[in-house]
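**Q** Dropping a structure here in C-alpha cells format, bear with me for questions.
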Amino acid sequence: MLTLSAEDRPILIAGGFVLVILAIGTAYTLTVQGTASFLSPAYLLQQLQVGSFLGIVAAGMMLVILMGHIDLSVPWTLAAGAMLGTAIGGPWAIPVGLGVGLLVGLVNGLGVAYLRVPSMIFTLGINAVMRGFMVMLTGGFSPRSMATPTMTWLATGNVLGVPMPLIVWAVLSVGIVLLLQRTPLGRYIYAIGNRERAAYLSGINTRLVLVAAFVVCGMCSALAGVLLAGYSSKAYQGMGDAYLLPAIAAVVIGGTNILGGRGRYLGTVVGTILIVLLTSVLSVMQMPEAGRQVIYGAVIITMLLVYGRGQKVMA
Amino acid sequence: MFRTKDVGAPPPFLELVGVSKRYGGVRALEGVDFACRRGSIHAVLGENGAGKSTLIKIIAGVVQPDEGSIRLAGQQVTFPDPLAANAQGIVCIFQELSLMPDLSVADNIGISNPPRGRLGLIDKRAQRRRAEELLARVGCEDVNPLERVANLPLSRRQMVEIAKALGRDPKLLILDEATSALTSGDVAKVYEILKSLRRDGLCLLYISHRMHEIEALADTCSVFRNGRHIDTFAAGTRTSDEIVQLMIGREMAHVYPDKPQRNQPPAPVLEVRDLRWTDRLNGISLTVGKGEIVGLGGLDGQGQRELLLALFGVLRGTEGEILVDGRPRAPGSPAQAKRKQTGMALIPEDRKTEGLMLPMSVAENISLAALGGLVSGPFIDREKETAAIERMVAKLRIKVGDLADPVATLSGGNQQKVVIAKWLLTEPRIVLLNDPTRGIDVGTKQELYQLLRDLADAGASILFYTTDYDELIGCCDRVLILYDGRVVRTLEGADITETNIVASSLNLPGAGAAATA
C-alpha cells in the first residue's frame, strides 16, 4: 500500500496536472500544426525563464503564508524595487533595488509583529503607500528607468544555455529549502504557523521570526522586480500587478496550508510551473481572455477541493 | 438475550452490544458490551487510551462503530452524526470546552436552538432570560449572560458549558472530565446538580480521573482497559486501591516518592519580592530553594496562574523584584526566561494550545525549545538533535510509534510528557508547572511525581501549581496558599494536611491562628 504524507499528496497531484496540461497542449498542436512544440526543450526552458519571476515572488510569499500571514504589498514592492533600482542606475542599481525590498519587508514585519495589525490589512496599506510614493517620485515624468547592463544580463543572459533568471531562481530555492528544513529559523516559522502562542511560550522570539520572514519576502519581491526590469529593459508602474494573486495561488496549489504551519517548498515550485504552463498553453490554444480567466480560476478551486479531501483524518 | 440478573431491574436506557472501533492499526474499542440505566450516575473509569473517549464519541455520534449495535430504550439506533444523537436526548460535555470565546454567555447557551421571535429572528431578550434561568440552575447567578465567554475564568466557563448542556433537555448526559477545571466550591454545586438530575430520572455517564469524585457520586462503575470493558460493579463494593488495580492491571506501589529530610533550609535559587500585577497579584513574596518542590495551593483563580506567567516574563507591567541566585533577573519574555543565566521552564496550563504544535511531529515538538543549542554553524545538527530527542523519549518513557508522527496522535499523558521533555532539554534550573496532571491517567501521574522528585534531587527548584490537594500533600516540601493574589499561609512538613489547606484556602480567620499556635 502506498502511503503519502499530507504534504506529498498535493505535490504529486499538481505534478500530475502539469503533465496533463502538457498532454492536452501537445494534442492540440499536433492536430492543428502537426508539431509537438510544447515538448521542445527550447519552449520548456523559455517557460521556466518566464516562470522564474513568479517563482521568486512565490518563494518569499511562502515563508509568510507558512506563518499564517500574507503579504499583499508584493505588487508595489516589486515595482518600487525595479523603479528605484533603475533610477539610481550604475553598480548600485541592484543593491538599492533589493534594499527597497528589505525596507518594505522590515516595515511590514514590524507592523505585524509589534503593532499586531493583521497582516492582510497592514500589507494592503503598505502597498497603497508604496504606490503613492512611486507616483510622487516620478511625478508624472518618466525618469531614467532603463535597466542596467547587469540587470539585463541577469534577466536575459544564459550560462551554457541555461537562462540566468532560472539560475537565480534555483540558487534562491536552494537557500529557501536550507532555511526551512535545516535552520532553527525555518522550524520556528512552521511552529508559529501551527500555534504562535505555544511557540512564544517555548521561549522562541516570535517577533523576530515574523520580521525576518517578512524581510525575506520583501527582498524576494524586489529581486523579482529587478530581474523583470532587466527582462523588459525598463521599469514601469504597475509592473508588479500581475504577480500577487498568481504567487499566492502557486503557494497554495503547491499544498501549503493558507492558514499556515504546513507545506513543502517543492510544492511551491511545482505550483509555479503549473500556473505558468497553464497560462501559456491556454494562450497558444487561442482561448479568448474571458475563457482563460474562467479556466484559470476553476483549476485553482478544483485543485484545492481535491486536496481538501482526505484531510478529515485529524478530526 | 435474557439475563437473569436483569430481573426486577428496569431495562437499560442505553445498551451497546459488541461494539468495536479501530483507528488505522490502533484498536480503540474491542467487543464492548455496555449498559446504563435511567436515574443513575454511571462512572466510566480507565487510564488514558483505555477507550473511554472512543466509547463516548460513539454514544454521542461523533464517530461510528466498525462493529456492534447501539440500543436506546430498547430500540436499535444509529447515529450518523452528533445532531442525530442530540435529537434522541444524548448530550455531551467534553473535556475540551466547546464554547465560542468571542460570543456572549447567552449566545453560547442558546447557540444550537435559540428562541426565535417574529420573522424568525433571534429573540435576544428571551435568550437572555433563558440563559439566566439555566445559570441559576447551576448556581452561577454571578455570571452576567451578556459577558463575553473569553472574559470568564476557566472554571466559570466550565459551568457555562454545563448550563448549555442542560438547556438541551438531555435524557442521557455525558460528562467527560467536566470537573477538571472547577474550583472545589463549584464541584460541590455540580454534585448537587447531578444528584437532582438523577432524581429526575436522567441517565448520567461520568468520566473522571479523580477517585474521590467517583466515590461521592457514582451508583455504578465500569472499568475499561486497553479498549476492553473489564468489569462493572455497584459503587462501594470495591476499594479505591482495587479499582486502581483494575484500571492499570498491575499492583500500585507508593503513589508519591519519598520526600527528603532536611535539617536546614536549602540555598535560595528563586526569590520573589512584593510582586504585583493589576488586581490579580497583590504583593507576593516567596523563595524556592535548590532541590525544593514548592506547591502553590488555594482556591482556583487566586493569582496562581498569573504568578507563574509573571515569573516567566509573559505578563506586561509587573512590579516587584524577581531574583535568581541573588541577582535581579526579571525576564521580559519567555525567550529571556529560557536563557542560561535564568534557566526557567514553564509547563503551561493547556498543553493543546500552549504547550504543543499538535500537527507537528513528536520529534519537532521535543527539540523546539532547545533548538538554539542543537546547531552547528547556521544549521540544525541532525545527529545532535536526534540523539537529544531519543534521550528524552527514553528518559520519560514516552510511548511513541514513530517520532515523525504528529504529536496529536499521542494520548494525553504522553503529550504532557512531550511538553516536559521539550523543557528538560533546555536543562532548566527553575521549573514552573501549571496544573500539569489535569486530565492525565493514574500511571502517567505517578511517573510525573517521580520525575519531579528526581529533578529536584538533581538540583532543580520547582514551583508547582495544582488544583489537586492530594498532589500538594504528596509531592511538595512546602505549600504556599494563595488568596486574592497574596500568600496567606505557608505550610511545611507535617502541617501539609487537607484540613490545613482547605481552611487556609478559604482564608478563614481562625486558620492562621491555629497554625501559629
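Residue numbers start at 1 in each chain; chains themselves are named A, B, ... in the order of the C-alpha cells; ligands are numbered from 1 in the order shown.
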Tell me the residues of chain B close to chain A, meaning within 7 Å using only C-alpha atoms, as a VMD selection string.

**A** chain B and resid 334 to 335 338 353 to 357 369 371 to 372 378 to 380

**Q** Deliver the residues from the most recent selection as a file, using C-alpha atoms, as a PDB file, in the first residue's frame.

**A**
```pdb
ATOM      1  CA  PRO B 334       9.797  33.568  27.729  1.00  0.00           C
ATOM      2  CA  ALA B 335      12.822  33.780  25.422  1.00  0.00           C
ATOM      3  CA  LYS B 338      14.833  30.442  28.999  1.00  0.00           C
ATOM      4  CA  THR B 353      -2.890  25.279  22.751  1.00  0.00           C
ATOM      5  CA  GLU B 354       0.063  26.462  24.831  1.00  0.00           C
ATOM      6  CA  GLY B 355       2.377  23.503  25.103  1.00  0.00           C
ATOM      7  CA  LEU B 356       2.327  21.766  21.740  1.00  0.00           C
ATOM      8  CA  MET B 357       2.116  22.284  17.994  1.00  0.00           C
ATOM      9  CA  ALA B 369      12.754  24.944  22.897  1.00  0.00           C
ATOM     10  CA  LEU B 371      16.866  24.079  19.130  1.00  0.00           C
ATOM     11  CA  GLY B 372      19.177  27.093  19.509  1.00  0.00           C
ATOM     12  CA  PRO B 378      23.738  28.147  10.982  1.00  0.00           C
ATOM     13  CA  PHE B 379      22.221  24.703  10.546  1.00  0.00           C
ATOM     14  CA  ILE B 380      20.489  22.286  12.871  1.00  0.00           C
TER      15      ILE B 380
END
```

**Q** Just to confirm, what's the straight-line distance from atom CA of Ile167 of chain A to atom CA of Thr268 of chain A in Å (one decimal)?

**A** 16.7 Å

**Q** Report, in Å with one decimal, the straight-line distance from atom CA of Thr35 of chain A to atom CA of Val20 of chain A.

**A** 17.5 Å

**Q** Just the residues within 10 Å of Val226 of chain A, please, counting only C-alpha atoms, with nothing from its chain fewer than 4 positions along; format it as a PyMOL selection string.

**A** chain A and resi 53+78-86+93-98+147-148+151-152+154-155+220-222+230-231+234-235

**Q** Would you mind telling me which residue in A:Gln286, A:Ser280, A:Asn257, A:Thr302 lies nearest to Ile21 of chain A when using only C-alpha atoms?

**A**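 Of the candidates, the smallest distance to Ile21 of chain A is held by A:Ser280.
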
**Q** Excluding Gly283 of chain B and residues on its chain fewer than 5 positions from it, collect all residues at most 7 Å away from it, counting only C-alpha atoms, and give them as a PyMOL selection string.

**A** chain B and resi 274-276+486

**Q** Let's have the selection written as a compact mmCIF listing (two decimals), in the first residue's frame, with C-alpha atoms.

**A**
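See result_33.txt below for the written result:
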```txt
# COMPACT_ATOMS: atom_id res chain seq x y z
CA ASP B 274 6.47 42.06 46.54
CA LEU B 275 5.34 41.03 43.05
CA ARG B 276 2.32 42.97 41.82
CA ARG B 486 -1.33 37.14 48.23
```

**Q** Based on the backbone DSSP call, show me all residues of segment 121-187 of chain A assigned helix (DSSP H, G or I), as an mmCIF file with N, CA and C atoms, in the first residue's frame.

**A**
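Ended up saving to part-v6.cif:
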```cif
data_model
loop_
_atom_site.group_PDB
_atom_site.id
_atom_site.type_symbol
_atom_site.label_atom_id
_atom_site.label_comp_id
_atom_site.auth_asym_id
_atom_site.auth_seq_id
_atom_site.Cartn_x
_atom_site.Cartn_y
_atom_site.Cartn_z
ATOM 1 N N ILE A 121 -4.357 43.492 6.466
ATOM 2 C CA ILE A 121 -4.648 44.919 6.444
ATOM 3 C C ILE A 121 -3.368 45.723 6.299
ATOM 4 N N PHE A 122 -2.373 45.379 7.118
ATOM 5 C CA PHE A 122 -1.154 46.186 7.167
ATOM 6 C C PHE A 122 -0.445 46.195 5.819
ATOM 7 N N THR A 123 -0.278 45.019 5.217
ATOM 8 C CA THR A 123 0.472 44.969 3.962
ATOM 9 C C THR A 123 -0.333 45.596 2.824
ATOM 10 N N LEU A 124 -1.663 45.512 2.921
ATOM 11 C CA LEU A 124 -2.505 46.178 1.918
ATOM 12 C C LEU A 124 -2.277 47.686 1.988
ATOM 13 N N GLY A 125 -2.209 48.201 3.239
ATOM 14 C CA GLY A 125 -1.947 49.625 3.425
ATOM 15 C C GLY A 125 -0.578 50.010 2.889
ATOM 16 N N ILE A 126 0.423 49.197 3.219
ATOM 17 C CA ILE A 126 1.791 49.490 2.760
ATOM 18 C C ILE A 126 1.840 49.501 1.230
ATOM 19 N N ASN A 127 1.094 48.582 0.610
ATOM 20 C CA ASN A 127 1.050 48.538 -0.850
ATOM 21 C C ASN A 127 0.563 49.878 -1.411
ATOM 22 N N ALA A 128 -0.504 50.419 -0.794
ATOM 23 C CA ALA A 128 -1.043 51.702 -1.253
ATOM 24 C C ALA A 128 -0.047 52.822 -1.013
ATOM 25 N N VAL A 129 0.619 52.776 0.156
ATOM 26 C CA VAL A 129 1.595 53.812 0.474
ATOM 27 C C VAL A 129 2.739 53.789 -0.540
ATOM 28 N N MET A 130 3.235 52.590 -0.844
ATOM 29 C CA MET A 130 4.337 52.479 -1.801
ATOM 30 C C MET A 130 3.926 53.009 -3.171
ATOM 31 N N ARG A 131 2.695 52.701 -3.536
ATOM 32 C CA ARG A 131 2.193 53.181 -4.818
ATOM 33 C C ARG A 131 2.195 54.698 -4.860
ATOM 34 N N GLY A 132 1.738 55.299 -3.729
ATOM 35 C CA GLY A 132 1.734 56.752 -3.644
ATOM 36 C C GLY A 132 3.134 57.324 -3.767
ATOM 37 N N PHE A 133 4.073 56.729 -3.034
ATOM 38 C CA PHE A 133 5.459 57.178 -3.087
ATOM 39 C C PHE A 133 5.991 57.154 -4.520
ATOM 40 N N MET A 134 5.696 56.073 -5.217
ATOM 41 C CA MET A 134 6.248 55.914 -6.561
ATOM 42 C C MET A 134 5.663 56.958 -7.505
ATOM 43 N N VAL A 135 4.352 57.227 -7.369
ATOM 44 C CA VAL A 135 3.737 58.251 -8.218
ATOM 45 C C VAL A 135 4.349 59.613 -7.894
ATOM 46 N N MET A 136 4.559 59.868 -6.563
ATOM 47 C CA MET A 136 5.163 61.125 -6.148
ATOM 48 C C MET A 136 6.563 61.260 -6.746
ATOM 49 N N LEU A 137 7.360 60.207 -6.654
ATOM 50 C CA LEU A 137 8.738 60.243 -7.115
ATOM 51 C C LEU A 137 8.833 60.543 -8.603
ATOM 52 N N THR A 138 7.988 59.829 -9.369
ATOM 53 C CA THR A 138 8.076 60.030 -10.811
ATOM 54 C C THR A 138 7.337 61.288 -11.206
ATOM 55 N N PRO A 149 23.080 47.210 -17.569
ATOM 56 C CA PRO A 149 23.518 46.003 -18.298
ATOM 57 C C PRO A 149 23.528 44.757 -17.409
ATOM 58 N N THR A 150 23.921 44.925 -16.121
ATOM 59 C CA THR A 150 23.931 43.765 -15.228
ATOM 60 C C THR A 150 22.528 43.200 -15.089
ATOM 61 N N MET A 151 21.537 44.093 -14.912
ATOM 62 C CA MET A 151 20.161 43.641 -14.767
ATOM 63 C C MET A 151 19.712 42.905 -16.025
ATOM 64 N N THR A 152 20.050 43.504 -17.163
ATOM 65 C CA THR A 152 19.645 42.870 -18.422
ATOM 66 C C THR A 152 20.277 41.486 -18.553
ATOM 67 N N TRP A 153 21.569 41.410 -18.166
ATOM 68 C CA TRP A 153 22.260 40.124 -18.274
ATOM 69 C C TRP A 153 21.622 39.092 -17.332
ATOM 70 N N LEU A 154 21.298 39.517 -16.085
ATOM 71 C CA LEU A 154 20.695 38.602 -15.122
ATOM 72 C C LEU A 154 19.347 38.091 -15.612
ATOM 73 N N ALA A 155 18.648 38.930 -16.405
ATOM 74 C CA ALA A 155 17.292 38.567 -16.806
ATOM 75 C C ALA A 155 17.241 37.864 -18.154
ATOM 76 N N THR A 156 18.191 38.161 -19.047
ATOM 77 C CA THR A 156 18.102 37.597 -20.393
ATOM 78 C C THR A 156 19.325 36.782 -20.803
ATOM 79 N N MET A 164 19.657 32.862 -17.254
ATOM 80 C CA MET A 164 20.100 33.380 -15.956
ATOM 81 C C MET A 164 18.994 33.439 -14.902
ATOM 82 N N PRO A 165 17.779 33.934 -15.232
ATOM 83 C CA PRO A 165 16.750 34.013 -14.175
ATOM 84 C C PRO A 165 16.484 32.649 -13.545
ATOM 85 N N LEU A 166 16.577 31.613 -14.393
ATOM 86 C CA LEU A 166 16.364 30.264 -13.894
ATOM 87 C C LEU A 166 17.439 29.905 -12.874
ATOM 88 N N ILE A 167 18.677 30.346 -13.164
ATOM 89 C CA ILE A 167 19.773 30.071 -12.227
ATOM 90 C C ILE A 167 19.547 30.825 -10.918
ATOM 91 N N VAL A 168 19.137 32.100 -11.055
ATOM 92 C CA VAL A 168 18.867 32.892 -9.844
ATOM 93 C C VAL A 168 17.781 32.214 -9.013
ATOM 94 N N TRP A 169 16.713 31.776 -9.704
ATOM 95 C CA TRP A 169 15.603 31.108 -9.011
ATOM 96 C C TRP A 169 16.096 29.838 -8.325
ATOM 97 N N ALA A 170 16.942 29.092 -9.023
ATOM 98 C CA ALA A 170 17.430 27.834 -8.460
ATOM 99 C C ALA A 170 18.279 28.096 -7.222
ATOM 100 N N VAL A 171 19.173 29.101 -7.308
ATOM 101 C CA VAL A 171 20.023 29.414 -6.151
ATOM 102 C C VAL A 171 19.160 29.848 -4.973
ATOM 103 N N LEU A 172 18.188 30.720 -5.251
ATOM 104 C CA LEU A 172 17.279 31.176 -4.202
ATOM 105 C C LEU A 172 16.534 29.990 -3.591
ATOM 106 N N SER A 173 16.092 29.077 -4.464
ATOM 107 C CA SER A 173 15.329 27.925 -3.986
ATOM 108 C C SER A 173 16.147 27.070 -3.039
ATOM 109 N N VAL A 174 17.425 26.843 -3.408
ATOM 110 C CA VAL A 174 18.294 26.067 -2.511
ATOM 111 C C VAL A 174 18.385 26.764 -1.162
ATOM 112 N N GLY A 175 18.539 28.087 -1.219
ATOM 113 C CA GLY A 175 18.614 28.854 0.027
ATOM 114 C C GLY A 175 17.356 28.697 0.868
ATOM 115 N N ILE A 176 16.182 28.800 0.230
ATOM 116 C CA ILE A 176 14.920 28.709 0.971
ATOM 117 C C ILE A 176 14.754 27.301 1.563
ATOM 118 N N VAL A 177 15.102 26.284 0.779
ATOM 119 C CA VAL A 177 14.964 24.911 1.283
ATOM 120 C C VAL A 177 15.869 24.715 2.498
ATOM 121 N N LEU A 178 17.116 25.194 2.405
ATOM 122 C CA LEU A 178 18.021 25.076 3.554
ATOM 123 C C LEU A 178 17.440 25.816 4.750
ATOM 124 N N LEU A 179 16.927 27.020 4.496
ATOM 125 C CA LEU A 179 16.353 27.830 5.567
ATOM 126 C C LEU A 179 15.215 27.073 6.250
ATOM 127 N N LEU A 180 14.298 26.532 5.449
ATOM 128 C CA LEU A 180 13.099 25.908 6.017
ATOM 129 C C LEU A 180 13.408 24.592 6.706
ATOM 130 N N GLN A 181 14.327 23.814 6.115
ATOM 131 C CA GLN A 181 14.499 22.457 6.633
ATOM 132 C C GLN A 181 15.673 22.300 7.575
ATOM 133 N N ARG A 182 16.663 23.182 7.466
ATOM 134 C CA ARG A 182 17.877 22.924 8.222
ATOM 135 C C ARG A 182 18.182 23.961 9.290
ATOM 136 N N PRO A 184 17.138 26.608 12.579
ATOM 137 C CA PRO A 184 16.113 26.848 13.609
ATOM 138 C C PRO A 184 15.056 27.831 13.129
ATOM 139 N N LEU A 185 15.482 28.875 12.390
ATOM 140 C CA LEU A 185 14.510 29.861 11.922
ATOM 141 C C LEU A 185 13.391 29.192 11.131
ATOM 142 N N GLY A 186 13.757 28.264 10.251
ATOM 143 C CA GLY A 186 12.745 27.566 9.463
ATOM 144 C C GLY A 186 11.780 26.795 10.346
ATOM 145 N N ARG A 187 12.339 26.086 11.328
ATOM 146 C CA ARG A 187 11.490 25.328 12.246
ATOM 147 C C ARG A 187 10.557 26.265 12.999
#
```

**Q** Pick the closest to Gly61 of chain B from B:Ile322, B:Ala87, B:Ile501, B:Ala131: which is it, counting only C-alpha atoms?

**A**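 Distance minimum relative to Gly61 of chain B lands on B:Ala87.
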
**Q** Among segment 228-428 of chain B, which ones does DSSP assign to strand (DSSP E) (computed from the backbone)? Answer as a VMD selection string.

**A** chain B and resid 228 to 234 268 to 277 281 to 289 293 to 297 319 to 324 327 to 328 344 to 347 375 to 376 379 to 380

**Q** Which residue gives the smallest distance to Gly271 of chain A among A:Val252, A:Ala87, A:Leu160, A:Met285, with only C-alpha atoms counted?

**A**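 Closest to Gly271 of chain A of all the choices is A:Val252.
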